[in-house]
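Right, one structure below, let's go through it.
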Amino acid sequence: VERNGFVFECRGTADIANWCGAEGYEPETGMYWENAWKIMGTCRGLLPPTASPTIDPDAPGCPPVFDQAATYKSGDRVSVGSLSYECKRYPWSAFCGLANFEPGSSNSDLGWILLGSCDGTLAPTTAPTLDPNSPGCPAEYSPDGDYQAGDRVSVGSTVYQCKTDGNSPFCLAFGPEHERGGSLGWEKLSSCQGTVAPTAAPSFDPATPGCPESWAEGTPYQAGDRVSVSNSIYECDALYHAHCTFREPGTVPDDESWNKKGSCEGTIAPTSTPTLDPASPGCPASYDPSTPYAGGDAVEANGLVYQCRTDAYGAYCNA
């Protein structure tokens, strides 16, 4: 289903599927909606039906065989017989190593995604070719582009191609370098006219001044709020902000509620109070919850002017 510009899928097991229509479990409502629904991405227009997994007995390349004694994390791939599976992302990845939740079992859908069939062994993935002399970058990626399977774009000096395996609708929802959604629809191919610099790790400089307030359980944190824990800065995630109130940053493996931003020391100087000039002319129309807003629209509320965001989160302006 779609809600506020995001796509949600009801989780597959029979007992949990009953929650999808229950009050209090609506997508992004309350604290427990993620038990019934999983977020698939953003959308615009109509989403074509999801293709069933390809079961091809001649498909090459099986990942390692599932081992009940092994420890699995999000993204790990295994095979059972001639079928391959991928461990779901946190928090569902916790089921991947539990008894009675093995790939192919009646409870498999809680922790594993069926990818398709396989045969033999899986060859190592070839690293992207980064050729500083490679000419001919394709057109720069644009969030307004109408991308189809096989389309190529560049971001800086890196070339990406929209996937051709049925996931191309994600190319319309996420840019190639989106933190979580980019790899759903885009595949990195090579460099063009230069080299790709390594992604800089977060800066952890003990001399860096200015820690935000320490995290405090029960505080109603919102998306974008920053806190500090043991001289590290964390920012509340836009999608998983509902957990920020009760989940301390850095305490849960693979936690997506808080994003680590760097180190800090001391305190941050108070932000100056916004200047409210009663004589300033030209306020836009006052905010009206019944009005359908689009990215870039400006409204007035309590003497302040607000603009609806122009990225994917602009869908929340109508929530």
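Just so we're on the same page: first chain in the structure tokens is A, next is B, and so on; residues restart at 1 for each chain, and ligands are numbered from 1 in the order they show up.
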Would you list the contacts of Ala315 in chain A as a list in words, taking every protein, DNA or RNA residue within 12 Å and counting only C-alpha atoms, but skipping same-chain residues closer than 2 positions in sequence?
Glu2, Arg3, Asn4, Gly5, Phe6, Val7, Thr42, Cys43, Arg44, Pro292, Tyr293, Ala294, Gly295, Gly296, Asp297, Cys308, Arg309, Thr310, Asp311, Ala312, Tyr313, Cys317, Asn318 and Ala319 of chain A
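Closest approach to Phe101 in chain A among A:Cys192, A:Ile113, A:Ser82, A:Ser257 is made by A:Ile113 (distances from only C-alpha atoms).
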In Å, how far is it from CA of Tyr221 in chain A to CA of Ile233 in chain A?
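Straight-line distance from CA of Tyr221 in chain A to CA of Ile233 in chain A works out to 14.4 Å.
DSSP secondary structure from the backbone places A:Phe170, A:Cys171, A:Leu172, A:Ala173, A:Gly182, A:Ser183, A:Leu184, A:Gly185 of range 62-250 of chain A in alpha helix (DSSP H).
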Distance query Ala301 in chain A at most 7 Å, only C-alpha atoms, self and fewer than 4 positions along chain excluded, as a ChimeraX atom specification:
/A:286-287,305
